[in-house]
>>> print(open('query-v6.txt').read())   # compact mmCIF, C-alpha atoms
# COMPACT_ATOMS: atom_id res chain seq x y z
CA MET A 6 89.70 89.40 117.80
CA SER A 7 92.39 90.84 120.04
CA GLY A 8 95.22 93.02 118.79
CA ALA A 9 97.85 90.26 118.90
CA SER A 10 100.84 90.78 116.66
CA VAL A 11 100.58 89.06 113.29
CA THR A 12 103.89 90.12 111.72
CA ASP A 13 107.30 91.51 112.51
CA GLN A 14 107.11 94.10 109.74
CA ASP A 15 105.96 97.67 109.95
CA ALA A 16 102.34 98.30 109.01
CA HIS A 17 103.44 101.00 106.61
CA GLY A 18 106.47 99.23 105.14
CA ASP A 19 109.49 97.13 105.97
CA ARG A 20 111.35 98.51 108.97
CA PRO A 21 114.72 99.79 107.68
CA ALA A 22 117.85 98.41 109.21
CA GLY A 23 118.94 100.49 112.17
CA SER A 24 115.54 101.96 112.95
CA ALA A 25 114.42 101.97 116.54
CA PRO A 26 112.31 99.14 117.89
CA THR A 27 108.96 99.88 119.47
CA VAL A 28 109.28 101.28 122.96
CA ALA A 29 108.05 98.78 125.50
CA ALA A 30 104.58 99.73 126.61
CA GLY A 31 103.60 100.14 130.22
CA PRO A 32 100.15 99.95 131.76
CA SER A 33 97.41 101.22 129.51
CA SER A 34 95.85 104.60 130.02
CA GLY A 35 93.20 104.25 127.34
CA PRO A 36 93.22 105.83 123.89
CA ALA A 37 96.09 108.20 124.62
CA GLY A 38 98.48 105.33 125.18
CA PRO A 39 100.74 104.13 127.96
CA THR A 40 102.50 106.25 130.51
CA GLY A 41 106.15 106.65 129.59
CA PRO A 42 109.18 107.75 131.59
CA ALA A 43 109.15 111.33 130.33
CA GLY A 44 105.53 112.33 130.06
CA PRO A 45 102.55 110.24 128.97
CA THR A 46 104.01 108.89 125.72
CA GLY A 47 107.18 110.82 125.06
CA PRO A 48 110.70 109.37 125.12
CA ALA A 49 112.94 109.72 128.12
CA GLY A 50 115.81 112.19 128.35
CA ARG A 51 113.96 115.18 126.87
CA SER A 52 113.91 118.75 128.17
CA ALA A 53 111.10 120.13 130.28
CA GLY A 54 109.78 121.97 127.22
CA ALA A 55 109.70 118.79 125.17
CA ARG A 56 107.93 116.91 127.96
CA ALA A 57 105.36 119.69 128.12
CA LEU A 58 104.76 119.36 124.38
CA TRP A 59 104.25 115.59 124.70
CA ALA A 60 101.80 116.19 127.55
CA LEU A 61 99.92 118.67 125.36
CA ALA A 62 99.91 116.12 122.53
CA ASP A 63 98.42 113.53 124.87
CA ARG A 64 95.64 115.91 125.86
CA PHE A 65 94.91 116.49 122.18
CA ASP A 66 94.93 112.73 121.56
CA ARG A 67 92.37 112.06 124.28
CA TRP A 68 90.13 114.79 122.89
CA ALA A 69 90.50 113.63 119.28
CA ASP A 70 89.80 110.00 120.13
CA ARG A 71 86.30 110.66 121.48
CA PRO A 72 84.54 110.82 118.07
CA PHE A 73 86.25 107.58 117.07
CA ASP A 74 84.84 105.84 120.13
CA LYS A 75 81.40 106.44 118.63
CA LEU A 76 82.48 105.40 115.12
CA ARG A 77 83.93 102.15 116.47
CA THR A 78 80.39 101.09 117.36
CA VAL A 79 79.14 101.64 113.78
CA PRO A 80 79.80 98.41 111.81
CA ASN A 81 80.02 100.02 108.37
CA ALA A 82 82.37 102.78 109.51
CA ASP A 83 84.46 100.23 111.37
CA ARG A 84 84.71 98.10 108.24
CA VAL A 85 85.77 101.04 106.06
CA PHE A 86 88.50 102.23 108.42
CA TYR A 87 89.98 98.77 108.94
CA ALA A 88 89.92 98.13 105.18
CA ALA A 89 91.60 101.47 104.45
CA SER A 90 94.28 100.85 107.07
CA GLU A 91 95.11 97.41 105.68
CA ALA A 92 94.97 98.48 102.03
CA ALA A 93 97.58 101.18 102.67
CA ASN A 94 100.09 98.82 104.33
CA PHE A 95 103.46 99.17 102.55
CA SER A 96 101.76 101.99 100.54
CA MET A 97 100.29 99.28 98.29
CA LEU A 98 97.09 101.27 97.73
CA TRP A 99 99.06 104.24 96.43
CA HIS A 100 101.40 102.17 94.28
CA ALA A 101 98.36 100.49 92.74
CA LEU A 102 96.70 103.81 91.94
CA ALA A 103 99.94 104.96 90.31
CA TRP A 104 100.39 101.88 88.12
CA VAL A 105 96.82 100.93 87.16
CA PRO A 106 96.72 103.57 84.37
CA VAL A 107 99.88 102.01 82.91
CA LEU A 108 98.23 98.60 82.85
CA VAL A 109 95.08 100.02 81.29
CA ARG A 110 96.94 101.88 78.53
CA PRO A 111 100.71 101.44 78.43
CA ASP A 112 102.47 104.65 77.57
CA PRO A 113 106.02 105.92 78.27
CA VAL A 114 104.73 109.10 79.90
CA ARG A 115 102.46 107.11 82.22
CA VAL A 116 105.31 104.81 83.13
CA VAL A 117 107.49 107.77 84.11
CA ARG A 118 104.70 109.30 86.22
CA ALA A 119 103.99 106.00 87.98
CA ALA A 120 107.67 105.41 88.63
CA SER A 121 107.99 108.93 90.04
CA THR A 122 105.16 108.29 92.50
CA SER A 123 106.66 104.98 93.59
CA ALA A 124 110.07 106.62 93.99
CA ALA A 125 108.57 109.40 96.11
CA LEU A 126 106.87 106.84 98.34
CA ALA A 127 110.14 104.94 98.71
CA VAL A 128 111.94 108.11 99.82
CA GLU A 129 109.13 108.91 102.26
CA SER A 130 109.19 105.42 103.77
CA ALA A 131 112.96 105.40 104.20
CA LEU A 132 112.95 108.77 105.95
CA VAL A 133 109.88 108.40 108.14
CA ASN A 134 110.36 104.79 109.19
CA GLY A 135 114.07 105.31 109.72
CA PRO A 136 115.60 108.50 111.14
CA VAL A 137 112.38 110.38 111.89
CA LYS A 138 110.73 107.66 114.00
CA SER A 139 114.09 106.89 115.63
CA ALA A 140 114.40 110.52 116.70
CA PHE A 141 111.09 110.52 118.57
CA ARG A 142 110.74 106.94 119.87
CA ARG A 143 107.14 107.44 120.97
CA SER A 144 105.17 104.53 122.38
CA ARG A 145 102.13 103.32 120.47
CA PRO A 146 98.62 103.26 121.95
CA VAL A 147 97.87 100.29 124.18
CA LEU A 148 94.43 98.76 124.41
CA ALA A 149 92.85 99.38 127.78
CA GLU A 150 91.44 96.49 129.77
CA GLY A 151 88.30 95.26 128.06
CA GLN A 152 89.14 96.86 124.70
CA GLN A 153 89.78 94.75 121.63
CA ARG A 154 90.12 95.21 117.91
CA THR A 155 87.20 93.95 115.88
CA ARG A 156 89.27 92.68 112.96
CA ARG A 157 92.62 91.10 112.24
CA LEU A 158 95.23 93.82 111.82
CA ARG A 159 98.92 93.88 110.98
CA GLN A 160 100.93 95.15 113.95
CA PRO A 161 103.87 97.51 113.30
CA LYS A 162 107.25 97.15 114.98
CA THR A 163 108.41 100.73 114.54
CA THR A 164 107.62 103.46 117.05
CA SER A 165 104.57 105.65 116.87
CA PHE A 166 105.44 109.22 115.85
CA PRO A 167 104.86 110.15 113.07
CA SER A 168 102.29 108.01 111.30
CA GLY A 169 103.79 106.47 108.16
CA HIS A 170 100.33 105.87 106.73
CA ALA A 171 99.57 109.59 107.06
CA SER A 172 102.87 110.76 105.59
CA ALA A 173 102.60 108.32 102.67
CA ALA A 174 99.01 109.41 102.02
CA ALA A 175 100.06 113.07 101.85
CA VAL A 176 102.94 112.31 99.49
CA ALA A 177 100.75 110.12 97.28
CA VAL A 178 97.93 112.65 97.07
CA LEU A 179 100.36 115.34 95.94
CA MET A 180 102.16 113.10 93.45
CA LEU A 181 99.08 111.43 91.98
CA GLY A 182 97.02 114.58 91.74
CA ARG A 183 99.51 116.95 90.18
CA ARG A 184 98.29 116.42 86.59
CA HIS A 185 94.59 115.88 87.31
CA ASN A 186 91.63 118.19 87.65
CA VAL A 187 90.20 119.47 90.91
CA VAL A 188 87.60 116.67 91.15
CA VAL A 189 90.24 113.93 91.02
CA ARG A 190 92.46 115.82 93.46
CA ALA A 191 89.56 116.20 95.87
CA ALA A 192 88.76 112.48 95.65
CA LEU A 193 92.41 111.63 96.33
CA ALA A 194 92.43 114.00 99.31
CA VAL A 195 89.35 112.34 100.79
CA LEU A 196 90.88 108.89 100.32
CA GLY A 197 94.11 110.10 101.90
CA ALA A 198 92.21 111.51 104.88
CA VAL A 199 90.38 108.22 105.39
CA VAL A 200 93.63 106.25 105.29
CA ALA A 201 95.36 108.62 107.70
CA THR A 202 92.55 108.79 110.25
CA SER A 203 92.00 105.05 110.04
CA ARG A 204 95.17 104.66 112.10
CA VAL A 205 93.49 106.42 115.01
CA HIS A 206 90.31 104.41 114.55
CA VAL A 207 92.13 101.07 114.75
CA ARG A 208 94.21 102.32 117.71
CA ILE A 209 97.59 101.87 116.02
CA HIS A 210 98.46 105.58 116.22
CA HIS A 211 97.74 108.57 118.42
CA ALA A 212 95.89 111.40 116.67
CA SER A 213 98.94 113.66 117.01
CA ASP A 214 101.01 111.01 115.18
CA VAL A 215 98.63 111.34 112.24
CA VAL A 216 98.75 115.13 112.26
CA GLY A 217 102.55 115.06 112.41
CA GLY A 218 102.78 112.46 109.66
CA ALA A 219 100.44 114.42 107.39
CA LEU A 220 102.47 117.61 107.84
CA ILE A 221 105.76 115.84 107.19
CA GLY A 222 104.31 114.08 104.15
CA TYR A 223 102.88 117.32 102.78
CA GLY A 224 106.20 119.10 103.05
CA LEU A 225 108.10 116.17 101.58
CA GLY A 226 105.58 115.76 98.80
CA ARG A 227 105.86 119.41 97.80
CA VAL A 228 109.60 118.99 97.43
CA LEU A 229 109.52 115.65 95.65
CA ARG A 230 106.97 116.62 93.06
CA ARG A 231 109.29 119.45 92.00
CA LEU A 232 112.30 117.15 91.82
CA LEU A 233 110.71 114.14 90.14
CA PRO A 234 109.28 114.10 86.58
>>> encode(input="query-v6.txt", output="structure tokens")
Amino acid sequence: MSGASVTDQDAHGDRPAGSAPTVAAGPSSGPAGPTGPAGPTGPAGRSAGARALWALADRFDRWADRPFDKLRTVPNADRVFYAASEAANFSMLWHALAWVPVLVRPDPVRVVRAASTSAALAVESALVNGPVKSAFRRSRPVLAEGQQRTRRLRQPKTTSFPSGHASAAAVAVLMLGRRHNVVVRAALAVLGAVVATSRVHVRIHHASDVVGGALIGYGLGRVLRRLLP
């Protein structure tokens, strides 16, 4: 199935009022995305240094996308990445992992911990999908001629940098794992990595969007887990 839009909402969460719409895409240049007015995918009106950084990011994106081209031909891998990408829409996967223990054994302490994780994810979504994405206004990848997505996929309306799935995954891993042993934390980290990289696999984000989102989410998560109970 082609990558036709199936919703007007962001793939990571509802687009906050006042956030920037997706930059109109030009002709496709393959996995790295369309060519924009100020470098391959960067917004217009930036300095020469900023344009150079966007050009460097595009080179990294082209390099990072090569392994995914091989994975896209493996049915089981393709199925896992698409499922992970869809499950993490609106951070529903992470909210579920936070609240399932409460449903299994209701307890005031568990309720507080689950609510803290959901609150952290709400803060992350508001910041990343609002002012942060608006500040960068990067175009999303465009499918090249002959390319198509193998499964139905929710299309985001916000701009590309940073990846909200990646930032939410980083926040969730830090919040969910703070009172668990190393095995559980490692499992959460693996799940978070799969969710984040799935956005490159399904061609919704550039690889540098995912790296940026993960770094932002990690920093935000470190702060929020100190502030929230």
>>> closest_residue(input="query-v6.txt", among="A:Val189, A:Val147, A:Val116, A:Ala53", to="A:Val205", atoms="all atoms listed in the file")
A:Val147
>>> atom_distance(input="query-v6.txt", atom1="atom CA of A:Val85", atom2="atom CA of A:Thr202")
11.1 Å
>>> axis_aligned_box(input="query-v6.txt", around="stretch 161-172 of chain A", padding_each_side="5 Å", output="AutoDock Vina command-line options")
--center_x 104.0 --center_y 104.0 --center_z 111.3 --size_x 18.8 --size_y 23.6 --size_z 21.5
>>> residues_around(input="query-v6.txt", residues="stretch 122-133 of chain A", least_positions_apart="2", cutoff="7 Å", atoms="all atoms listed in the file", output="list of chain:residue names")
A:Gly18, A:Pro21, A:His100, A:Ala103, A:Arg118, A:Ala119, A:Ala120, A:Gly135, A:Pro136, A:Val137, A:Lys138, A:Gly169, A:Ala173, A:Val176, A:Ala177, A:Met180, A:Leu181, A:Leu229
>>> closest_residue(input="query-v6.txt", among="A:Arg56, A:Val228, A:Val207, A:Phe65", to="A:Arg157", atoms="only C-alpha atoms")
A:Val207
>>> atom_distance(input="query-v6.txt", atom1="atom CA of A:Pro234", atom2="atom CA of A:Ala191")
21.9 Å
>>> atom_distance(input="query-v6.txt", atom1="atom CA of A:Ile221", atom2="atom CA of A:Leu158")
24.8 Å
>>> closest_residue(input="query-v6.txt", among="A:Ser52, A:Ala57, A:Ala82, A:Arg208", to="A:Ala149", atoms="only C-alpha atoms")
A:Arg208
>>> closest_residue(input="query-v6.txt", among="A:Ala194, A:Glu150, A:His210, A:Gly224", to="A:Thr164", atoms="all atoms listed in the file")
A:His210
>>> decode(input="query-v6.txt", residues="stretch 133-157 of chain A", atoms="N, CA and C atoms", output="PDB file, in the first residue's frame")
ATOM      1  N   VAL A 133       8.102  18.744  22.518  1.00  0.00           N
ATOM      2  CA  VAL A 133       8.691  18.298  21.249  1.00  0.00           C
ATOM      3  C   VAL A 133       7.787  18.600  20.071  1.00  0.00           C
ATOM      4  N   ASN A 134       6.495  18.296  20.193  1.00  0.00           N
ATOM      5  CA  ASN A 134       5.587  18.514  19.070  1.00  0.00           C
ATOM      6  C   ASN A 134       5.156  19.962  18.917  1.00  0.00           C
ATOM      7  N   GLY A 135       5.510  20.785  19.889  1.00  0.00           N
ATOM      8  CA  GLY A 135       5.188  22.206  19.811  1.00  0.00           C
ATOM      9  C   GLY A 135       6.393  23.048  19.472  1.00  0.00           C
ATOM     10  N   PRO A 136       7.015  23.692  20.467  1.00  0.00           N
ATOM     11  CA  PRO A 136       8.087  24.643  20.183  1.00  0.00           C
ATOM     12  C   PRO A 136       9.332  24.048  19.547  1.00  0.00           C
ATOM     13  N   VAL A 137       9.695  22.812  19.905  1.00  0.00           N
ATOM     14  CA  VAL A 137      10.934  22.255  19.358  1.00  0.00           C
ATOM     15  C   VAL A 137      10.808  21.991  17.852  1.00  0.00           C
ATOM     16  N   LYS A 138       9.755  21.280  17.450  1.00  0.00           N
ATOM     17  CA  LYS A 138       9.567  21.034  16.017  1.00  0.00           C
ATOM     18  C   LYS A 138       9.364  22.343  15.251  1.00  0.00           C
ATOM     19  N   SER A 139       8.653  23.288  15.850  1.00  0.00           N
ATOM     20  CA  SER A 139       8.420  24.569  15.191  1.00  0.00           C
ATOM     21  C   SER A 139       9.720  25.330  14.954  1.00  0.00           C
ATOM     22  N   ALA A 140      10.689  25.133  15.835  1.00  0.00           N
ATOM     23  CA  ALA A 140      11.961  25.835  15.708  1.00  0.00           C
ATOM     24  C   ALA A 140      12.791  25.307  14.541  1.00  0.00           C
ATOM     25  N   PHE A 141      12.620  24.043  14.198  1.00  0.00           N
ATOM     26  CA  PHE A 141      13.464  23.454  13.159  1.00  0.00           C
ATOM     27  C   PHE A 141      12.772  23.357  11.799  1.00  0.00           C
ATOM     28  N   ARG A 142      11.490  23.028  11.787  1.00  0.00           N
ATOM     29  CA  ARG A 142      10.694  23.001  10.554  1.00  0.00           C
ATOM     30  C   ARG A 142      11.342  22.163   9.446  1.00  0.00           C
ATOM     31  N   ARG A 143      11.838  21.010   9.789  1.00  0.00           N
ATOM     32  CA  ARG A 143      12.496  20.159   8.793  1.00  0.00           C
ATOM     33  C   ARG A 143      11.486  19.319   8.024  1.00  0.00           C
ATOM     34  N   SER A 144      11.708  19.180   6.737  1.00  0.00           N
ATOM     35  CA  SER A 144      10.833  18.358   5.907  1.00  0.00           C
ATOM     36  C   SER A 144      11.009  16.879   6.229  1.00  0.00           C
ATOM     37  N   ARG A 145       9.931  16.133   6.103  1.00  0.00           N
ATOM     38  CA  ARG A 145       9.995  14.687   6.307  1.00  0.00           C
ATOM     39  C   ARG A 145      10.493  13.981   5.046  1.00  0.00           C
ATOM     40  N   PRO A 146      10.963  12.734   5.210  1.00  0.00           N
ATOM     41  CA  PRO A 146      11.379  11.970   4.025  1.00  0.00           C
ATOM     42  C   PRO A 146      10.225  11.812   3.036  1.00  0.00           C
ATOM     43  N   VAL A 147      10.556  11.790   1.777  1.00  0.00           N
ATOM     44  CA  VAL A 147       9.568  11.582   0.718  1.00  0.00           C
ATOM     45  C   VAL A 147       9.934  10.305  -0.016  1.00  0.00           C
ATOM     46  N   LEU A 148       8.954   9.474  -0.270  1.00  0.00           N
ATOM     47  CA  LEU A 148       9.212   8.236  -0.998  1.00  0.00           C
ATOM     48  C   LEU A 148       9.668   8.543  -2.412  1.00  0.00           C
ATOM     49  N   ALA A 149      10.755   7.916  -2.816  1.00  0.00           N
ATOM     50  CA  ALA A 149      11.241   8.082  -4.180  1.00  0.00           C
ATOM     51  C   ALA A 149      10.316   7.345  -5.147  1.00  0.00           C
ATOM     52  N   GLU A 150      10.446   7.657  -6.402  1.00  0.00           N
ATOM     53  CA  GLU A 150       9.616   7.005  -7.415  1.00  0.00           C
ATOM     54  C   GLU A 150       9.845   5.499  -7.376  1.00  0.00           C
ATOM     55  N   GLY A 151       8.775   4.756  -7.292  1.00  0.00           N
ATOM     56  CA  GLY A 151       8.858   3.306  -7.227  1.00  0.00           C
ATOM     57  C   GLY A 151       8.861   2.753  -5.813  1.00  0.00           C
ATOM     58  N   GLN A 152       9.091   3.610  -4.807  1.00  0.00           N
ATOM     59  CA  GLN A 152       9.051   3.160  -3.419  1.00  0.00           C
ATOM     60  C   GLN A 152       7.622   3.197  -2.889  1.00  0.00           C
ATOM     61  N   GLN A 153       7.316   2.294  -1.975  1.00  0.00           N
ATOM     62  CA  GLN A 153       6.018   2.313  -1.327  1.00  0.00           C
ATOM     63  C   GLN A 153       6.130   1.640   0.032  1.00  0.00           C
ATOM     64  N   ARG A 154       5.240   2.025   0.921  1.00  0.00           N
ATOM     65  CA  ARG A 154       5.206   1.389   2.229  1.00  0.00           C
ATOM     66  C   ARG A 154       4.416   0.094   2.118  1.00  0.00           C
ATOM     67  N   THR A 155       4.862  -0.899   2.864  1.00  0.00           N
ATOM     68  CA  THR A 155       4.259  -2.229   2.745  1.00  0.00           C
ATOM     69  C   THR A 155       3.012  -2.396   3.589  1.00  0.00           C
ATOM     70  N   ARG A 156       2.783  -1.460   4.518  1.00  0.00           N
ATOM     71  CA  ARG A 156       1.627  -1.569   5.409  1.00  0.00           C
ATOM     72  C   ARG A 156       0.996  -0.202   5.640  1.00  0.00           C
ATOM     73  N   ARG A 157      -0.254  -0.231   6.044  1.00  0.00           N
ATOM     74  CA  ARG A 157      -0.964   1.004   6.364  1.00  0.00           C
ATOM     75  C   ARG A 157      -0.291   1.687   7.541  1.00  0.00           C
TER      76      ARG A 157
END
